[in-house]
Structures are given as C-alpha cells and as structure tokens.
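S.K.: Here you go, target.cif (mmCIF, C-alpha atoms):
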```cif
data_work
loop_
_atom_site.label_atom_id
_atom_site.label_comp_id
_atom_site.auth_asym_id
_atom_site.auth_seq_id
_atom_site.Cartn_x
_atom_site.Cartn_y
_atom_site.Cartn_z
CA MET D 92 77.85 -57.77 184.86
CA ALA D 93 81.06 -58.19 186.88
CA PHE D 94 81.78 -56.91 190.37
CA ALA D 95 85.26 -55.82 191.43
CA THR D 96 87.18 -53.46 193.67
CA VAL D 97 88.90 -50.39 192.23
CA ALA D 98 92.28 -52.14 192.40
CA THR D 99 90.94 -55.14 190.49
CA LEU D 100 89.39 -52.87 187.88
CA ARG D 101 92.71 -51.16 187.28
CA MET D 102 94.37 -54.52 186.62
CA SER D 103 91.57 -56.23 184.73
CA TYR D 104 89.86 -53.65 182.54
CA SER D 105 91.08 -51.29 179.84
CA CYS D 106 89.63 -48.16 181.42
CA ASP D 107 91.07 -44.70 181.05
CA SER D 108 93.62 -44.52 183.88
CA ILE D 109 93.09 -40.82 184.60
CA PHE D 110 89.35 -41.30 184.93
CA LEU D 111 89.83 -44.38 187.08
CA ASP D 112 92.29 -42.63 189.39
CA ALA D 113 89.94 -39.65 189.80
CA PHE D 114 87.06 -42.02 190.44
CA ALA D 115 89.01 -44.02 193.02
CA ASN D 116 89.83 -40.86 194.95
CA ARG D 117 86.12 -40.17 195.43
CA VAL D 118 85.16 -43.45 197.06
CA ILE D 119 85.90 -45.75 199.95
CA SER D 120 88.14 -48.57 198.78
CA SER D 121 85.94 -51.25 200.33
CA LYS D 122 83.00 -50.34 198.07
CA LYS D 123 82.31 -52.40 194.96
CA TYR D 124 81.79 -51.28 191.38
CA TRP D 125 80.34 -52.89 188.32
CA VAL D 126 81.61 -52.78 184.78
CA SER D 127 79.25 -53.20 181.87
CA LYS D 128 79.83 -53.17 178.13
CA GLY D 129 81.90 -50.22 177.03
CA ASP D 130 83.86 -50.18 180.28
CA ILE D 131 81.36 -47.86 182.00
CA ILE D 132 82.12 -47.67 185.72
CA MET D 133 79.51 -46.92 188.32
CA ALA D 134 79.52 -47.15 192.10
CA GLU D 135 77.21 -49.73 193.58
CA ARG D 136 74.48 -47.66 195.18
CA VAL D 137 72.50 -48.46 198.31
CA TRP D 138 69.41 -49.31 196.25
CA GLU D 139 71.08 -51.79 193.87
CA ARG D 140 70.16 -54.93 195.81
CA PHE D 141 66.50 -53.91 195.99
CA LEU D 142 66.06 -53.53 192.22
CA THR D 143 64.53 -56.31 190.13
CA GLU D 144 66.20 -57.61 186.99
CA GLN D 145 63.62 -55.67 184.96
CA ASP D 146 64.47 -52.48 186.88
CA LYS D 147 68.16 -52.96 186.12
CA ALA D 148 67.44 -53.68 182.46
CA THR D 149 65.62 -50.36 182.03
CA LEU D 150 68.67 -48.55 183.43
CA MET D 151 71.33 -50.39 181.44
CA GLY D 152 73.04 -48.23 178.84
CA ARG D 153 71.36 -45.02 180.01
CA ALA D 154 73.60 -42.17 181.06
CA GLU D 155 72.73 -40.84 184.49
CA ARG D 156 71.22 -37.38 184.12
CA LYS D 157 72.35 -34.94 186.77
CA ILE D 158 70.62 -31.76 187.86
CA GLY D 159 73.85 -30.16 189.02
CA PHE D 160 74.57 -27.50 191.59
CA GLY D 161 73.62 -23.87 191.22
CA GLU D 162 75.25 -20.66 192.41
CA ARG D 163 73.71 -20.12 195.85
CA PRO D 164 73.42 -23.21 198.06
CA ALA D 165 71.76 -23.61 201.45
CA LEU D 166 71.64 -26.52 203.89
CA LEU D 167 68.26 -27.87 205.01
CA LEU D 168 68.20 -30.14 208.09
CA ILE D 169 64.89 -31.95 208.41
CA ASP D 170 63.41 -33.34 211.64
CA LEU D 171 66.56 -34.14 213.59
CA TYR D 172 64.64 -34.23 216.83
CA ARG D 173 64.56 -36.40 219.94
CA TRP D 174 61.54 -38.48 218.88
CA VAL D 175 63.53 -40.30 216.18
CA PHE D 176 66.73 -40.75 218.21
CA GLY D 177 65.64 -41.40 221.76
CA ASP D 178 68.14 -40.72 224.53
CA LYS D 179 70.68 -43.39 223.56
CA PRO D 180 71.64 -45.61 220.61
CA GLU D 181 69.51 -48.76 220.51
CA PRO D 182 68.42 -51.23 217.84
CA VAL D 183 65.13 -50.04 216.42
CA VAL D 184 63.15 -53.04 217.70
CA ASP D 185 64.17 -52.09 221.24
CA ALA D 186 64.02 -48.32 220.83
CA ILE D 187 60.40 -48.22 219.64
CA LYS D 188 59.25 -49.72 222.94
CA THR D 189 59.91 -46.38 224.64
CA TRP D 190 60.31 -44.03 221.65
CA PRO D 191 57.60 -45.05 219.13
CA GLY D 192 58.99 -42.75 216.43
CA SER D 193 62.57 -44.02 216.70
CA CYS D 194 64.66 -44.91 213.66
CA GLY D 195 67.06 -46.86 215.87
CA LEU D 196 70.73 -47.13 215.02
CA ALA D 197 70.19 -45.76 211.51
CA GLY D 198 69.76 -42.29 212.97
CA TRP D 199 72.73 -42.50 215.31
CA SER D 200 74.92 -43.84 212.49
CA ALA D 201 73.98 -40.89 210.27
CA LEU D 202 74.68 -38.26 212.95
CA PRO D 203 78.49 -38.03 212.50
CA HIS D 204 78.01 -37.52 208.75
CA ILE D 205 75.36 -34.86 209.36
CA GLN D 206 77.66 -33.12 211.83
CA LYS D 207 80.43 -33.10 209.21
CA LEU D 208 78.12 -31.57 206.61
CA LEU D 209 76.78 -29.00 209.08
CA ALA D 210 80.31 -28.03 210.13
CA LYS D 211 81.29 -27.48 206.49
CA ALA D 212 78.16 -25.41 205.82
CA ARG D 213 79.01 -23.19 208.78
CA GLU D 214 82.64 -22.97 207.70
CA VAL D 215 81.82 -21.76 204.18
CA GLU D 216 78.97 -19.60 205.52
CA ILE D 217 76.00 -20.77 203.50
CA PRO D 218 72.49 -20.39 204.97
CA VAL D 219 71.58 -23.16 207.42
CA ILE D 220 67.90 -23.93 208.00
CA HIS D 221 66.63 -26.33 210.66
CA VAL D 222 63.11 -27.72 210.45
CA THR D 223 61.34 -29.50 213.29
CA GLY D 224 57.81 -30.37 214.32
CA MET D 225 55.24 -28.05 215.85
CA ASP D 226 53.28 -29.09 218.90
CA GLY D 227 51.03 -27.54 221.51
CA VAL D 228 49.35 -25.02 219.21
CA ALA D 229 45.96 -26.73 218.86
CA ILE D 230 46.71 -27.74 215.26
CA GLU D 231 46.36 -31.40 214.34
CA PRO D 232 49.66 -32.93 213.16
CA TRP D 233 49.69 -34.63 209.77
CA ALA D 234 49.59 -38.14 211.29
CA PHE D 235 46.90 -37.46 213.88
CA ARG D 236 44.51 -40.08 212.45
CA ARG D 237 47.14 -42.78 213.02
CA ASP D 238 48.06 -41.67 216.52
CA LYS D 239 45.36 -42.97 218.85
CA THR D 240 47.34 -42.51 222.06
CA ARG D 241 45.79 -39.86 224.27
CA ARG D 242 47.98 -37.85 226.59
CA ALA D 243 45.43 -38.41 229.34
CA ASP D 244 46.34 -42.11 229.22
CA MET D 245 50.12 -41.58 229.42
CA ASN D 246 52.29 -42.03 232.49
CA LYS D 247 54.84 -39.45 233.66
CA GLU D 248 57.73 -40.90 231.64
CA GLN D 249 55.67 -41.04 228.45
CA LEU D 250 54.53 -37.45 228.90
CA ASP D 251 58.14 -36.34 229.35
CA ARG D 252 59.15 -38.03 226.10
CA VAL D 253 56.24 -36.43 224.25
CA ARG D 254 57.17 -33.03 225.67
CA ARG D 255 60.71 -33.41 224.30
CA LYS D 256 59.81 -35.11 221.02
CA PHE D 257 60.48 -32.13 218.73
CA ASP D 258 63.61 -30.88 220.52
CA ILE D 259 66.47 -30.81 218.01
CA VAL D 260 69.23 -33.06 219.37
CA ASP D 261 72.33 -31.43 220.83
CA GLU D 262 74.66 -32.93 218.21
CA VAL D 263 73.17 -30.64 215.53
CA LYS D 264 71.70 -27.93 217.72
CA PRO D 265 71.10 -24.60 215.94
CA ILE D 266 73.46 -21.76 216.74
CA PRO D 267 72.61 -18.03 216.74
CA GLY D 268 71.92 -16.76 213.24
CA GLU D 269 70.56 -20.05 211.90
CA THR D 270 66.91 -20.28 210.89
CA VAL D 271 64.58 -22.65 212.77
CA LEU D 272 61.17 -23.39 211.27
CA LYS D 273 58.37 -25.55 212.67
CA LYS D 274 55.92 -27.55 210.60
CA VAL D 275 52.80 -29.68 211.00
CA SER D 276 53.08 -31.55 207.70
CA PRO D 277 55.68 -33.82 206.08
CA SER D 278 57.09 -31.17 203.74
CA ALA D 279 59.34 -28.42 205.09
CA PHE D 280 57.63 -26.11 202.57
CA TRP D 281 53.97 -26.71 203.40
CA GLY D 282 52.56 -24.09 205.77
CA THR D 283 55.97 -22.54 206.54
CA PRO D 284 57.72 -19.38 205.27
CA LEU D 285 60.58 -21.47 203.85
CA ILE D 286 60.14 -20.60 200.17
CA GLY D 287 59.85 -16.88 200.94
CA HIS D 288 63.01 -17.06 203.04
CA LEU D 289 64.90 -18.86 200.26
CA ASN D 290 63.70 -16.36 197.67
CA PHE D 291 64.85 -13.48 199.87
CA LEU D 292 68.31 -15.07 200.17
CA GLY D 293 68.48 -15.84 196.45
CA VAL D 294 69.06 -19.55 197.12
CA ASP D 295 68.83 -21.85 194.10
CA THR D 296 70.29 -25.09 195.50
CA ILE D 297 69.13 -27.00 198.58
CA ILE D 298 71.45 -29.58 200.15
CA THR D 299 69.16 -31.84 202.16
CA CYS D 300 69.76 -34.07 205.17
CA GLY D 301 67.65 -35.56 207.95
CA GLU D 302 64.76 -37.98 208.17
CA SER D 303 62.84 -39.90 207.24
CA THR D 304 64.08 -40.60 203.74
CA SER D 305 60.71 -41.96 202.65
CA GLY D 306 58.66 -39.35 204.49
CA CYS D 307 59.57 -35.77 205.29
CA VAL D 308 62.82 -35.75 203.29
CA ARG D 309 61.09 -37.01 200.16
CA ALA D 310 58.11 -34.67 200.62
CA SER D 311 60.46 -31.70 201.00
CA VAL D 312 62.54 -32.72 197.98
CA VAL D 313 59.44 -33.01 195.79
CA ASP D 314 58.15 -29.62 196.94
CA GLY D 315 61.58 -28.07 196.43
CA THR D 316 61.66 -29.37 192.87
CA THR D 317 58.11 -28.10 192.35
CA ASN D 318 59.41 -24.66 193.32
CA ARG D 319 62.17 -25.06 190.69
CA LEU D 320 65.01 -25.38 193.17
CA ARG D 321 67.97 -27.66 192.56
CA MET D 322 67.63 -30.41 195.16
CA VAL D 323 70.64 -32.37 196.40
CA VAL D 324 70.38 -35.21 198.93
CA ALA D 325 73.46 -36.17 200.95
CA GLU D 326 73.25 -39.97 200.85
CA GLU D 327 74.98 -40.70 204.17
CA CYS D 328 73.09 -37.89 205.90
CA VAL D 329 69.53 -39.17 205.52
CA PHE D 330 67.98 -42.14 207.27
CA ASP D 331 64.79 -44.10 207.77
CA ARG D 332 63.38 -46.71 210.10
CA HIS D 333 62.98 -49.21 207.27
CA GLU D 334 65.99 -50.16 205.17
CA ALA D 335 64.03 -50.98 202.01
CA CYS D 336 62.04 -47.73 202.16
CA HIS D 337 65.27 -45.77 202.62
CA ALA D 338 66.98 -47.38 199.64
CA ILE D 339 64.11 -47.29 197.16
CA ASN D 340 63.16 -43.71 197.97
CA LEU D 341 66.77 -42.62 197.42
CA PHE D 342 66.63 -44.42 194.07
CA ASP D 343 63.36 -42.76 193.10
CA MET D 344 64.46 -39.27 194.14
CA ASN D 345 67.69 -39.71 192.20
CA GLN D 346 65.70 -40.76 189.14
CA LYS D 347 63.22 -37.87 189.23
CA TYR D 348 63.67 -35.03 191.68
CA ALA D 349 67.20 -34.69 193.05
CA ASP D 350 70.85 -35.58 192.80
CA VAL D 351 71.57 -38.15 195.50
CA LEU D 352 75.28 -37.70 196.08
CA PRO D 353 77.97 -39.03 198.41
CA LEU D 354 78.85 -36.63 201.20
CA ASP D 355 82.44 -36.26 199.95
CA GLU D 356 81.26 -34.82 196.62
CA ILE D 357 79.09 -32.27 198.39
CA LEU D 358 81.94 -31.23 200.67
CA LYS D 359 84.21 -30.74 197.64
CA TYR D 360 81.55 -28.63 195.95
CA LEU D 361 81.24 -26.41 199.02
CA ASP D 362 85.00 -25.94 199.17
CA ALA D 363 85.05 -25.02 195.49
CA TRP D 364 82.07 -22.70 195.94
CA ARG D 365 83.88 -20.88 198.74
CA ALA D 366 87.07 -20.60 196.68
CA GLU D 367 85.19 -19.15 193.72
CA LYS D 368 83.27 -16.77 195.95
CA ALA D 369 86.51 -15.50 197.47
CA GLY D 370 88.15 -15.21 194.05
CA GLN D 371 90.66 -17.87 195.01
CA VAL D 372 91.69 -20.68 192.69
CA GLY D 373 93.16 -23.64 194.52
CA TYR D 374 93.02 -26.59 192.13
CA ALA D 375 95.84 -26.55 189.61
CA ASN D 376 94.97 -22.87 189.10
CA ASP D 377 91.68 -23.90 187.55
CA SER D 378 88.59 -24.10 189.75
CA VAL D 379 86.42 -25.02 186.75
CA ALA D 380 88.46 -28.22 186.41
CA TYR D 381 88.07 -28.77 190.15
CA LEU D 382 84.31 -28.83 189.81
CA LYS D 383 84.28 -30.88 186.63
CA ASP D 384 86.28 -33.56 188.42
CA LEU D 385 83.41 -33.98 190.86
CA VAL D 386 81.36 -35.60 188.08
CA ILE D 387 78.20 -33.89 189.33
CA GLY D 388 76.51 -32.86 186.13
CA GLU D 389 76.44 -29.28 184.93
CA ASP D 390 79.41 -27.01 185.39
CA PHE D 391 79.11 -24.74 188.38
CA LYS D 392 77.32 -21.74 186.90
CA GLY D 393 79.27 -19.21 188.92
CA LEU D 394 82.46 -20.25 187.14
CA ARG D 395 81.25 -19.85 183.56
#
```
Let me see whether you can do it: turn the structure in this file into structure tokens.
M.R.:
Amino acid sequence: MAFATVATLRMSYSCDSIFLDAFANRVISSKKYWVSKGDIIMAERVWERFLTEQDKATLMGRAERKIGFGERPALLLIDLYRWVFGDKPEPVVDAIKTWPGSCGLAGWSALPHIQKLLAKAREVEIPVIHVTGMDGVAIEPWAFRRDKTRRADMNKEQLDRVRRKFDIVDEVKPIPGETVLKKVSPSAFWGTPLIGHLNFLGVDTIITCGESTSGCVRASVVDGTTNRLRMVVAEECVFDRHEACHAINLFDMNQKYADVLPLDEILKYLDAWRAEKAGQVGYANDSVAYLKDLVIGEDFKGLR
C-alpha cells in the first residue's frame, strides 16, 4: 500500500483523470491518500492509524457501502454545553482540573466547523434541533453512579460551574424558531419528544454534530438508525476527550450505522438540496450530476 499526495498520484498512477480531479476538489491538499490494487483511491481517514493489520485486511477490496441522503434533512446538535468547553481553550489535562467534563482543545477546535455547518443549515432553512442536559428536576442523570461529588461539598466557584454546565455555548446558541430539547440519558431520543417532532416534520435524514463521539453522539446515531432514519455524521463537527475513542467510534459508526462524511460534502449536499427545492439547477444545468459528484452513495431521491 503506497501513500502519496493528490499531485503525486496524478503523476505516478494511471487513474481516471476526471475522477481524480473531482476527488482532489473535495479534499485538503495536505491530506494523504492510499492506492491499492486496481488504482482504487481513498482518503486516509482519522481512524486509519488505530486499525490493526487484520482490521485493514478485512476491509481491503470491499467497496464502501453508503446509506446516502434522503429528501428531508435536519441538523441535530448534541450537548454543546459549557461543561465540555469550560470558559476558555485549554489542554484537556489542565481543563479537567476545573471543568471535570471538559474535552479540552478538541471541542474548541471543532467549534468553527460546527458554526459553519449551523450557518449553512440556517441559510438553507432546514430544521435545527439543539439537545442539552437536564438538571434540577429531581431526576437522576445517566452517570449518577459515577458522580460521587455532592453539591454540599462544593465551594462557590464549583457550584457556579455546575449551575452553568448545561448552558449551550454562545458560539452555537439557539435562535428563535429552533428546537431545544433536554435529556437525562446519552441518546437524544431516549425520554425526549425528538422522534415525534421529526415525524411531524417529515424528516428522513439527520445530520449530526456535537459530543462526545463515543458517548451521546454514538448513542443518538444508533437510536436514529433504529428508528429507520438516515444518519450522517459530520466528521470535523464531532469531538471527544479521548483521541482513540473518537477515531474508533467514527470508524464503527461508518461501518454500521451512519455515513461519516467530511463537512465539505455535507455543505455541498445542502446547497444542492436547496437548489432542487427551489427548482433551480446550478451545476452544468444538471443537479443530479451535482449530487452524483459528491460520491455519497445513493442518488438524492428528490431528484429522481
């Protein structure tokens, strides 16, 4: 298996030039790609370095099976609250001294990407749903058996942080008209009216972002799939405290429950969805071709 940049691939391998050009336009030039027998090109994913040789062998030669987008997307933002960010960017080993639930710089690094996705969702006017934690209602949170800290033992500063823990951070603060749900379990679906709300709106595709990749994001993705929704995870828009957990859970979701896609592909889909909805064709007079070029699996159903 050889590693090379896009430019090197163009010079060194007999790949279809149109495919290679389209592929290069979808990625950051500094990323690496591997070429296997048959000149199959695939982006190096975040989980690659965590896979064993046996893992890689089971994947070799298998075409990646995509779920694809549906006709009515919505954006789901999971647990983007103060407890995982703290009040300022800090390395996680420092942040957890004052904010025990912090994901450190991983969260702050993801925020600009999440803001970009949220801005696009608002621009194209798809439903936006924020989910945060529920506190102060005399219901035990899902992790209560692990949390042995009693509020009676906290000082004033600790109590203030606990009071603000489930406040959605200002960078992605809900605006009027956007749904805000509160939960006491990892999944955004468990014990909330989320599925009823989605059914009412006719949503069939959930674009997911937030944290943690291995916890509440994964739980929500699995429950979404269980409810027969098309689940899409924006790779740059999810994060976790632990790098290995983040990578392997993205791998596993992509194998079983969701399409884990680069943010750029999702943004292109949303632009194409808006164009089709408005009856406008803006890609060489053929919006079906526009969506096929995204290499995201099934054709967009609304354009059939």
S.K.: Neighbouring residues of Val313 in chain D were defined as those with any atom within 12 Å, considering only C-alpha atoms; residues of the same chain fewer than 2 positions away were excluded. Please report them as a PDB file with C-alpha atoms, keeping the file's coordinate frame.
M.R.:
```
ATOM      1  CA  PRO D 277      55.680 -33.820 206.080  1.00  0.00           C
ATOM      2  CA  SER D 278      57.090 -31.170 203.740  1.00  0.00           C
ATOM      3  CA  ALA D 279      59.340 -28.420 205.090  1.00  0.00           C
ATOM      4  CA  PHE D 280      57.630 -26.110 202.570  1.00  0.00           C
ATOM      5  CA  TRP D 281      53.970 -26.710 203.400  1.00  0.00           C
ATOM      6  CA  ILE D 297      69.130 -27.000 198.580  1.00  0.00           C
ATOM      7  CA  THR D 299      69.160 -31.840 202.160  1.00  0.00           C
ATOM      8  CA  THR D 304      64.080 -40.600 203.740  1.00  0.00           C
ATOM      9  CA  SER D 305      60.710 -41.960 202.650  1.00  0.00           C
ATOM     10  CA  GLY D 306      58.660 -39.350 204.490  1.00  0.00           C
ATOM     11  CA  CYS D 307      59.570 -35.770 205.290  1.00  0.00           C
ATOM     12  CA  VAL D 308      62.820 -35.750 203.290  1.00  0.00           C
ATOM     13  CA  ARG D 309      61.090 -37.010 200.160  1.00  0.00           C
ATOM     14  CA  ALA D 310      58.110 -34.670 200.620  1.00  0.00           C
ATOM     15  CA  SER D 311      60.460 -31.700 201.000  1.00  0.00           C
ATOM     16  CA  GLY D 315      61.580 -28.070 196.430  1.00  0.00           C
ATOM     17  CA  THR D 316      61.660 -29.370 192.870  1.00  0.00           C
ATOM     18  CA  THR D 317      58.110 -28.100 192.350  1.00  0.00           C
ATOM     19  CA  ASN D 318      59.410 -24.660 193.320  1.00  0.00           C
ATOM     20  CA  ARG D 319      62.170 -25.060 190.690  1.00  0.00           C
ATOM     21  CA  LEU D 320      65.010 -25.380 193.170  1.00  0.00           C
ATOM     22  CA  ARG D 321      67.970 -27.660 192.560  1.00  0.00           C
ATOM     23  CA  MET D 322      67.630 -30.410 195.160  1.00  0.00           C
ATOM     24  CA  VAL D 323      70.640 -32.370 196.400  1.00  0.00           C
ATOM     25  CA  VAL D 324      70.380 -35.210 198.930  1.00  0.00           C
ATOM     26  CA  ASN D 340      63.160 -43.710 197.970  1.00  0.00           C
ATOM     27  CA  ASP D 343      63.360 -42.760 193.100  1.00  0.00           C
ATOM     28  CA  MET D 344      64.460 -39.270 194.140  1.00  0.00           C
ATOM     29  CA  ASN D 345      67.690 -39.710 192.200  1.00  0.00           C
ATOM     30  CA  GLN D 346      65.700 -40.760 189.140  1.00  0.00           C
ATOM     31  CA  LYS D 347      63.220 -37.870 189.230  1.00  0.00           C
ATOM     32  CA  TYR D 348      63.670 -35.030 191.680  1.00  0.00           C
ATOM     33  CA  ALA D 349      67.200 -34.690 193.050  1.00  0.00           C
TER      34      ALA D 349
END
```
S.K.: How many Å lie between CA of Glu181 in chain D and CA of Gly195 in chain D, rounded to one decimal?
M.R.: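 Between these atoms lies a distance of 5.6 Å.
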S.K.: So what do you get for CA of Lys211 in chain D versus CA of Glu155 in chain D, distance-wise?
M.R.: 27.1 Å
S.K.: Got a sec: who's within 10 Å of Pro203 in chain D, counting only C-alpha atoms, leaving out chain neighbours fewer than 5 positions off, as a list in words?
M.R.: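 So the residues in contact are Gly198, Leu208, Leu209, Glu262, Val263, Glu327 and Cys328 of chain D.
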S.K.: Quick check, in Å to one decimal: how far apart do CA of Asp185 in chain D and CA of Asp244 in chain D lie?
M.R.: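 It comes out at 21.9 Å.
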S.K.: For Gln206 in chain D, which residue out of D:Pro182, D:Pro218, D:Pro265, D:Gly293 is the nearest one, using only C-alpha atoms?
M.R.: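 Using only C-alpha atoms, the shortest distance to Gln206 in chain D belongs to D:Pro265.
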S.K.: Taking the file above as input, evaluate the PyMOL selection byres ((chain D and resi 252) around 12) and report the hits as a ChimeraX atom specification.
M.R.: /D:172-178,189-193,242,245-251,253-258
